[in-house]
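Chemist: The structure is given below, and queries will be raised subsequently.
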Number of protein chains: 2
Amino acid sequence: MPNTNLNSNKGRPAVLLFDVNETLLDMSDMQKAVNETFGNELAFKLWFALLLEYSLVENVTNTYHNFSEVGQAVMRMTAEKIGKDIPEEKQKELVNMVKETQPHPDVIPGLEKLQQAGFRLATLTNSPAKSSIPHLEKVGLKRFFEDTYSVDSVEKFKPHSSPYQYAADQLGVKLEEVMMVAAHGWDIAGALRAGARAAFISRPGQALYPLAPKPELTTPTLLELAEQLVKME
Amino acid sequence: MPNTNLNSNKGRPAVLLFDVNETLLDMSDMQKAVNETFGNELAFKLWFALLLEYSLVENVTNTYHNFSEVGQAVMRMTAEKIGKDIPEEKQKELVNMVKETQPHPDVIPGLEKLQQAGFRLATLTNSPAKSSIPHLEKVGLKRFFEDTYSVDSVEKFKPHSSPYQYAADQLGVKLEEVMMVAAHGWDIAGALRAGARAAFISRPGQALYPLAPKPELTTPTLLELAEQLVKME
């Protein structure tokens with residue numbers, strides 16, 4: 001049940017903080033390749049759930065391997081769990097497709113609208129800075145953002161509160177003045193529980209976490225979110 | 001590559017601490033029912049990965065809903081992610097199958113062997129005590145254990161160090177004297193990183209986490225593990 005109405009009167013957020021993978025960048029080519037390789041249309045979703053699961057295993061065991069390293073490790077686990085013998089080179093090739101994703105078609109029009117309306121825009125990703133920043137540059141998105149943050153800086157993956165707080169601190173605003181924009185239930189849950197505001201982009205195959213607070217806004221695309229946000233006083 | 005050889009000389013652990021779901025109890029009937037309902041043979045694995053992912057979202061956002069509540073919530077998310085309209089009653093019925101699981105055939109022979117050899121035995125589960133203890137009683141396993149612990153007591157899911165430490169404290173031993181026995185990579189990773197010892201039961205569809213330390217023992221069944229353990233001085 002997407003909720004496209006505002007349900008708060010907090011006014012414009014000081015900064016919009018965007019998640020990157022799946023929220024801005026379309027992973028469907030990678031999804032297709034993973035599913036074809038494993039011969040199952042849920043293989044990519046399983047890999048992505050394991051990626052989040054094991055990044056949080058890192059968090060709760062006070063260890064840190066970056067998202068690319070965890071991504072490789074859980075691709076091997078995906079193959080073992082499915083019982084499919086995928087050569088390591090092929091596994092690497094699949095994981096490296098993360099670096100070739102392009103923006104969803106609504107992203108640039110949405111960001112342009114928000115930029116024209118004077119919003120401060122930044123990104124916060126679980127991916128390592130060394131690969132994610134050049135990627136945003138290459139696909140023409142970096143120019144919209146005053147800064148691009150990675151959980152690398154705090155070595156705790158979202159939805160731990162540290163990366164949200166870190167981004168707010170760097171931007172010189174309070175967490176409650178930040179609106180996290182994400183297509184993942186865990187990111188919305190983490191941002192809201194940390195004290196930030198949140199908007200959910202309900203991309204196909206994405207779902208909110210039923211036990212977390214609800215985001216202020218839910219729209220199917222970033223362009224529609226921008227249209228809602230520019231109406232805010 | 002299962003490793004059935006001892007690779008340490010630490011001697012007999014003071015206590016063997018067993019994970020419950022999938023390690024002792026066979027979830028394959030539930031797996032079959034979930035996969036049939038969703039029409040995909042990876043649906044159960046996706047649900048289980050989301051269950052772990054979101055239980056760790058609870059941990060890292062300092063919130064606690066018990067494993068049954070998270071299990072229900074992520075069954076709804078699984079349906080939304082797959083895009084399948086499963087009535088809520090059916091979702092509940094599927095999740096409640098957790099309460100109907102039976103021991104794997106190797107479990108009672110393995111526990112008997114360990115008990116006869118004088119090992120102290122206990123369990124530590126992510127499931128709530130109020131459902132998991134009666135379940136262990138009903139299927140004839142409770143009699144083997146001097147105590148049966150749930151993460152309920154500390155409101156942090158494994159693989160956070162708190163529940164392992166809690167169990168060791170209750171048993172009156174040091175964490176390094178405990179050997180965690182589990183069929184899940186995350187449980188092995190958490191126990192080892194917390195300072196305990198670990199043995200992996202490599203049940204079909206299970207995989208170790210490649211970025212964590214390796215367990216001392218890996219065997220396909222609990223009976224084979226018991227055979228290794230009773231040889232320890």
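In the structure tokens, chains take letters A, B, ... by order of appearance, with residues numbered from 1 within each chain and ligands from 1 in the order shown.
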Contacts from chain A to chain B, 7 Å maximum, only C-alpha atoms: show me the residue list as a tab-separated table (two decimals) with C-alpha atoms, in the first residue's frame.

Modeler:
```
chain	number	residue	atom	x	y	z
A	42	LEU	CA	15.30	-15.69	-6.70
A	46	LEU	CA	19.04	-14.53	-1.95
A	49	ALA	CA	19.76	-10.82	1.53
A	50	LEU	CA	22.93	-12.76	2.45
A	52	LEU	CA	22.99	-7.66	4.19
A	53	GLU	CA	22.86	-10.53	6.68
A	56	LEU	CA	25.43	-7.16	9.88
A	57	VAL	CA	27.26	-10.24	11.15
A	60	VAL	CA	27.57	-7.34	15.60
A	61	THR	CA	30.87	-9.24	15.89
A	73	ALA	CA	32.13	-14.10	0.24
A	77	MET	CA	27.96	-19.08	0.02
A	80	GLU	CA	27.24	-23.59	-1.86
A	81	LYS	CA	23.72	-23.14	-0.49
A	82	ILE	CA	22.13	-23.67	-3.90
A	83	GLY	CA	24.51	-26.55	-4.56
A	159	PRO	CA	21.35	0.39	9.45
A	160	HIS	CA	23.66	0.96	12.48
A	161	SER	CA	23.16	4.55	13.66
A	186	TRP	CA	16.35	-1.94	6.60
A	190	GLY	CA	17.69	2.29	10.65
A	193	ARG	CA	15.27	4.46	14.66
A	205	GLY	CA	10.70	-6.27	-5.40
A	206	GLN	CA	11.34	-3.97	-2.42
A	207	ALA	CA	9.44	-4.02	0.87
A	209	TYR	CA	9.99	-3.84	7.41
A	210	PRO	CA	6.60	-4.23	9.11
A	211	LEU	CA	8.01	-3.90	12.66
```

Chemist: As a VMD selection string, please: all residues of range 33-222 of chain A that backbone DSSP puts in strand (DSSP E or B).

Modeler: chain A and resid 102 to 103 120 to 125 147 to 150 178 to 182 197 to 201 217 to 219

Chemist: Give the superposed chain B as a compact mmCIF listing (two decimals) with C-alpha atoms, in the first residue's frame, the fit being least squares on chain A over all ordered C-alpha pairs.

Modeler:
```
# COMPACT_ATOMS: atom_id res chain seq x y z
CA MET B 1 -0.01 0.03 -0.04
CA PRO B 2 2.11 2.99 -1.18
CA ASN B 3 1.40 6.14 0.80
CA THR B 4 1.99 9.13 -1.39
CA ASN B 5 0.59 11.64 1.08
CA LEU B 6 2.59 13.61 3.59
CA ASN B 7 1.81 12.45 7.10
CA SER B 8 3.82 15.01 9.00
CA ASN B 9 4.22 18.75 9.13
CA LYS B 10 7.93 18.93 9.76
CA GLY B 11 8.57 21.07 6.70
CA ARG B 12 11.43 20.72 4.27
CA PRO B 13 14.30 18.56 5.44
CA ALA B 14 17.66 20.40 5.62
CA VAL B 15 19.33 17.64 3.59
CA LEU B 16 18.19 14.67 1.52
CA LEU B 17 20.55 11.75 2.03
CA PHE B 18 20.29 9.08 -0.67
CA ASP B 19 21.10 5.41 -0.52
CA VAL B 20 22.85 4.38 -3.77
CA ASN B 21 22.50 0.69 -4.81
CA GLU B 22 18.96 -0.09 -6.00
CA THR B 23 17.75 3.34 -4.82
CA LEU B 24 19.62 5.38 -7.47
CA LEU B 25 21.33 2.62 -9.45
CA ASP B 26 19.42 -0.10 -11.26
CA MET B 27 20.78 -3.57 -10.44
CA SER B 28 18.43 -5.41 -12.79
CA ASP B 29 21.14 -6.40 -15.33
CA MET B 30 23.14 -7.96 -12.52
CA GLN B 31 19.96 -9.56 -11.16
CA LYS B 32 19.27 -11.11 -14.56
CA ALA B 33 22.84 -12.43 -14.91
CA VAL B 34 22.90 -13.93 -11.39
CA ASN B 35 19.49 -15.54 -11.86
CA GLU B 36 20.50 -17.01 -15.23
CA THR B 37 23.78 -18.35 -13.84
CA PHE B 38 22.05 -20.06 -10.92
CA GLY B 39 18.99 -21.06 -12.95
CA ASN B 40 16.57 -19.56 -10.42
CA GLU B 41 14.75 -16.23 -10.44
CA LEU B 42 15.30 -15.69 -6.70
CA ALA B 43 19.08 -16.27 -6.74
CA PHE B 44 19.97 -12.55 -6.84
CA LYS B 45 17.52 -11.74 -4.05
CA LEU B 46 19.03 -14.54 -1.95
CA TRP B 47 22.55 -13.19 -2.62
CA PHE B 48 21.47 -9.65 -1.69
CA ALA B 49 19.77 -10.83 1.54
CA LEU B 50 22.93 -12.76 2.46
CA LEU B 51 25.01 -9.66 1.67
CA LEU B 52 23.00 -7.66 4.18
CA GLU B 53 22.87 -10.53 6.68
CA TYR B 54 26.64 -11.00 6.69
CA SER B 55 27.45 -7.28 6.64
CA LEU B 56 25.43 -7.15 9.88
CA VAL B 57 27.27 -10.24 11.16
CA GLU B 58 30.39 -8.06 10.71
CA ASN B 59 28.73 -5.23 12.68
CA VAL B 60 27.58 -7.34 15.61
CA THR B 61 30.88 -9.24 15.90
CA ASN B 62 32.85 -5.97 15.82
CA THR B 63 34.71 -6.86 12.65
CA TYR B 64 34.86 -5.02 9.33
CA HIS B 65 35.34 -6.32 5.82
CA ASN B 66 34.07 -3.93 3.16
CA PHE B 67 30.83 -4.49 1.20
CA SER B 68 32.72 -5.78 -1.88
CA GLU B 69 34.57 -8.36 0.22
CA VAL B 70 31.33 -9.46 1.90
CA GLY B 71 29.66 -9.52 -1.52
CA GLN B 72 32.29 -11.94 -2.88
CA ALA B 73 32.13 -14.11 0.25
CA VAL B 74 28.36 -14.46 0.11
CA MET B 75 28.38 -15.16 -3.65
CA ARG B 76 30.43 -18.25 -2.76
CA MET B 77 27.95 -19.07 0.01
CA THR B 78 25.05 -18.60 -2.41
CA ALA B 79 26.64 -21.16 -4.76
CA GLU B 80 27.23 -23.59 -1.86
CA LYS B 81 23.71 -23.13 -0.51
CA ILE B 82 22.12 -23.67 -3.91
CA GLY B 83 24.52 -26.57 -4.55
CA LYS B 84 25.72 -25.14 -7.87
CA ASP B 85 29.37 -25.33 -8.86
CA ILE B 86 30.13 -21.82 -10.15
CA PRO B 87 33.82 -21.17 -10.95
CA GLU B 88 35.41 -18.48 -8.80
CA GLU B 89 36.14 -16.34 -11.87
CA LYS B 90 32.46 -16.37 -12.81
CA GLN B 91 31.49 -15.47 -9.23
CA LYS B 92 33.86 -12.48 -9.36
CA GLU B 93 32.49 -11.41 -12.72
CA LEU B 94 28.95 -11.44 -11.32
CA VAL B 95 29.87 -9.44 -8.20
CA ASN B 96 31.79 -6.92 -10.32
CA MET B 97 28.60 -6.13 -12.21
CA VAL B 98 27.78 -3.90 -9.20
CA LYS B 99 30.31 -1.48 -10.72
CA GLU B 100 28.47 -1.35 -14.07
CA THR B 101 25.00 -0.33 -12.89
CA GLN B 102 23.25 2.67 -14.46
CA PRO B 103 20.79 5.11 -12.85
CA HIS B 104 17.09 4.22 -12.89
CA PRO B 105 15.39 6.37 -15.58
CA ASP B 106 13.56 8.52 -12.99
CA VAL B 107 16.73 9.41 -11.05
CA ILE B 108 18.28 12.24 -13.08
CA PRO B 109 14.91 14.01 -13.65
CA GLY B 110 14.17 13.66 -9.91
CA LEU B 111 17.55 14.98 -8.81
CA GLU B 112 17.33 17.89 -11.28
CA LYS B 113 13.96 18.88 -9.85
CA LEU B 114 15.29 18.75 -6.28
CA GLN B 115 18.44 20.65 -7.17
CA GLN B 116 16.42 23.35 -8.93
CA ALA B 117 14.23 23.65 -5.84
CA GLY B 118 17.32 24.33 -3.73
CA PHE B 119 17.54 21.10 -1.73
CA ARG B 120 20.90 20.05 -0.28
CA LEU B 121 21.65 16.55 -1.60
CA ALA B 122 24.17 13.90 -0.46
CA THR B 123 24.62 10.12 -0.63
CA LEU B 124 25.39 7.48 2.00
CA THR B 125 26.22 3.98 0.78
CA ASN B 126 27.29 0.66 2.32
CA SER B 127 29.72 0.27 -0.64
CA PRO B 128 33.36 1.28 -0.21
CA ALA B 129 34.21 4.88 -1.17
CA LYS B 130 37.02 3.86 -3.51
CA SER B 131 34.61 2.14 -5.91
CA SER B 132 31.34 3.96 -5.26
CA ILE B 133 32.52 7.55 -5.76
CA PRO B 134 34.15 6.93 -9.21
CA HIS B 135 31.00 5.01 -10.14
CA LEU B 136 28.71 7.93 -9.28
CA GLU B 137 31.05 10.18 -11.28
CA LYS B 138 31.05 7.85 -14.30
CA VAL B 139 27.26 7.61 -14.54
CA GLY B 140 26.78 11.37 -14.23
CA LEU B 141 25.27 11.50 -10.75
CA LYS B 142 28.09 12.89 -8.63
CA ARG B 143 27.49 16.48 -9.79
CA PHE B 144 24.15 16.56 -7.94
CA PHE B 145 25.63 15.87 -4.50
CA GLU B 146 27.54 18.18 -2.20
CA ASP B 147 29.13 15.09 -0.69
CA THR B 148 29.15 11.30 -1.11
CA TYR B 149 29.65 9.26 2.07
CA SER B 150 30.52 5.63 2.62
CA VAL B 151 30.17 3.52 5.77
CA ASP B 152 33.92 2.95 5.28
CA SER B 153 34.48 6.08 7.37
CA VAL B 154 32.94 4.52 10.47
CA GLU B 155 33.34 0.82 9.64
CA LYS B 156 29.74 0.04 10.63
CA PHE B 157 27.22 -0.88 7.96
CA LYS B 158 23.81 0.71 7.77
CA PRO B 159 21.35 0.38 9.45
CA HIS B 160 23.67 0.96 12.47
CA SER B 161 23.16 4.55 13.66
CA SER B 162 26.86 5.49 13.27
CA PRO B 163 26.93 6.11 9.51
CA TYR B 164 23.72 8.20 9.61
CA GLN B 165 25.14 10.25 12.47
CA TYR B 166 28.48 10.58 10.70
CA ALA B 167 26.82 11.95 7.55
CA ALA B 168 24.73 14.44 9.57
CA ASP B 169 27.86 15.61 11.43
CA GLN B 170 29.79 16.07 8.17
CA LEU B 171 26.87 18.03 6.71
CA GLY B 172 26.69 20.19 9.83
CA VAL B 173 23.05 19.36 10.58
CA LYS B 174 21.15 17.43 13.23
CA LEU B 175 20.02 13.91 12.41
CA GLU B 176 16.37 14.96 12.72
CA GLU B 177 16.94 17.49 9.93
CA VAL B 178 18.10 14.74 7.54
CA MET B 179 15.69 12.75 5.37
CA MET B 180 17.07 9.38 4.29
CA VAL B 181 15.80 8.32 0.85
CA ALA B 182 16.08 4.59 0.23
CA ALA B 183 14.50 1.61 -1.53
CA HIS B 184 15.28 -0.82 1.32
CA GLY B 185 13.23 -1.57 4.41
CA TRP B 186 16.35 -1.94 6.58
CA ASP B 187 17.66 1.49 5.60
CA ILE B 188 14.33 3.15 6.38
CA ALA B 189 14.15 1.27 9.70
CA GLY B 190 17.69 2.28 10.65
CA ALA B 191 17.33 5.94 9.69
CA LEU B 192 14.05 6.34 11.59
CA ARG B 193 15.27 4.46 14.65
CA ALA B 194 18.42 6.63 14.65
CA GLY B 195 16.25 9.76 14.72
CA ALA B 196 16.34 10.84 11.07
CA ARG B 197 13.37 11.32 8.73
CA ALA B 198 12.79 8.90 5.85
CA ALA B 199 11.20 8.45 2.42
CA PHE B 200 10.79 5.04 0.80
CA ILE B 201 11.13 4.51 -2.96
CA SER B 202 8.97 1.43 -3.48
CA ARG B 203 10.88 -0.04 -6.41
CA PRO B 204 9.67 -3.43 -7.71
CA GLY B 205 10.69 -6.27 -5.38
CA GLN B 206 11.34 -3.96 -2.41
CA ALA B 207 9.44 -4.03 0.88
CA LEU B 208 9.25 -2.06 4.13
CA TYR B 209 10.00 -3.86 7.42
CA PRO B 210 6.59 -4.23 9.12
CA LEU B 211 8.01 -3.90 12.67
CA ALA B 212 9.70 -0.53 12.07
CA PRO B 213 8.15 2.96 12.15
CA LYS B 214 6.62 4.08 8.85
CA PRO B 215 8.40 6.59 6.60
CA GLU B 216 6.80 10.00 5.99
CA LEU B 217 6.65 9.43 2.25
CA THR B 218 6.40 6.41 -0.04
CA THR B 219 6.52 6.85 -3.80
CA PRO B 220 7.30 4.43 -6.64
CA THR B 221 9.98 6.67 -8.19
CA LEU B 222 12.40 9.41 -7.23
CA LEU B 223 10.70 11.81 -9.64
CA GLU B 224 7.39 11.38 -7.82
CA LEU B 225 9.17 11.85 -4.50
CA ALA B 226 10.72 15.06 -5.82
CA GLU B 227 7.28 16.31 -6.84
CA GLN B 228 6.03 15.74 -3.27
CA LEU B 229 9.09 17.30 -1.66
CA VAL B 230 9.09 20.52 -3.69
CA LYS B 231 5.52 21.16 -2.46
CA MET B 232 6.77 21.20 1.14
CA GLU B 233 7.02 24.63 2.73
```

Chemist: If DSSP is run on the backbone, what residues of range 62-174 of chain B are alpha helix (DSSP H)? A reply as a ChimeraX atom specification would be ideal.

Modeler: /B:67-82,88-96,107-116,129-138,161-171

Chemist: Please dump the current selection as an mmCIF file, in the first residue's frame; keep C-alpha atoms.

Modeler:
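The result, written out as again-v7.cif:
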```
data_model
loop_
_atom_site.group_PDB
_atom_site.id
_atom_site.type_symbol
_atom_site.label_atom_id
_atom_site.label_comp_id
_atom_site.auth_asym_id
_atom_site.auth_seq_id
_atom_site.Cartn_x
_atom_site.Cartn_y
_atom_site.Cartn_z
ATOM 1 C CA PHE B 67 12.369 -14.379 16.455
ATOM 2 C CA SER B 68 8.723 -15.439 15.893
ATOM 3 C CA GLU B 69 7.651 -11.823 15.395
ATOM 4 C CA VAL B 70 10.547 -11.176 13.008
ATOM 5 C CA GLY B 71 9.726 -14.460 11.247
ATOM 6 C CA GLN B 72 6.135 -13.334 10.604
ATOM 7 C CA ALA B 73 7.255 -9.871 9.480
ATOM 8 C CA VAL B 74 9.759 -11.227 6.976
ATOM 9 C CA MET B 75 7.283 -13.812 5.635
ATOM 10 C CA ARG B 76 5.160 -10.814 4.606
ATOM 11 C CA MET B 77 8.249 -9.170 3.105
ATOM 12 C CA THR B 78 9.103 -12.393 1.255
ATOM 13 C CA ALA B 79 5.617 -12.362 -0.318
ATOM 14 C CA GLU B 80 5.977 -8.671 -1.258
ATOM 15 C CA LYS B 81 9.466 -9.162 -2.663
ATOM 16 C CA ILE B 82 8.422 -12.157 -4.744
ATOM 17 C CA GLU B 88 -2.034 -13.557 6.040
ATOM 18 C CA GLU B 89 -3.546 -16.741 7.484
ATOM 19 C CA LYS B 90 -1.463 -18.848 5.109
ATOM 20 C CA GLN B 91 1.663 -16.856 6.008
ATOM 21 C CA LYS B 92 1.012 -17.549 9.710
ATOM 22 C CA GLU B 93 0.434 -21.225 9.028
ATOM 23 C CA LEU B 94 3.790 -21.444 7.235
ATOM 24 C CA VAL B 95 5.698 -19.650 10.010
ATOM 25 C CA ASN B 96 4.029 -21.832 12.650
ATOM 26 C CA VAL B 107 20.581 -36.163 16.474
ATOM 27 C CA ILE B 108 19.353 -38.568 19.162
ATOM 28 C CA PRO B 109 22.103 -41.166 18.460
ATOM 29 C CA GLY B 110 24.695 -38.337 18.549
ATOM 30 C CA LEU B 111 23.399 -36.861 21.802
ATOM 31 C CA GLU B 112 23.212 -40.320 23.417
ATOM 32 C CA LYS B 113 26.843 -40.961 22.530
ATOM 33 C CA LEU B 114 27.924 -37.603 23.963
ATOM 34 C CA GLN B 115 25.858 -38.047 27.111
ATOM 35 C CA GLN B 116 27.293 -41.528 27.667
ATOM 36 C CA ALA B 129 12.087 -19.603 25.261
ATOM 37 C CA LYS B 130 8.312 -19.870 25.605
ATOM 38 C CA SER B 131 7.994 -21.806 22.327
ATOM 39 C CA SER B 132 11.415 -23.430 21.983
ATOM 40 C CA ILE B 133 11.620 -25.153 25.381
ATOM 41 C CA PRO B 134 8.204 -26.929 25.112
ATOM 42 C CA HIS B 135 9.194 -27.895 21.564
ATOM 43 C CA LEU B 136 12.454 -29.532 22.699
ATOM 44 C CA GLU B 137 10.444 -31.330 25.393
ATOM 45 C CA LYS B 138 7.802 -32.544 22.929
ATOM 46 C CA SER B 161 28.571 -11.991 21.720
ATOM 47 C CA SER B 162 26.034 -11.371 24.536
ATOM 48 C CA PRO B 163 24.017 -14.591 24.252
ATOM 49 C CA TYR B 164 27.171 -16.761 24.040
ATOM 50 C CA GLN B 165 28.603 -15.001 27.081
ATOM 51 C CA TYR B 166 25.284 -15.294 28.912
ATOM 52 C CA ALA B 167 25.155 -19.065 28.342
ATOM 53 C CA ALA B 168 28.773 -19.502 29.506
ATOM 54 C CA ASP B 169 28.054 -17.449 32.646
ATOM 55 C CA GLN B 170 24.940 -19.497 33.437
ATOM 56 C CA LEU B 171 26.917 -22.707 32.949
#
```
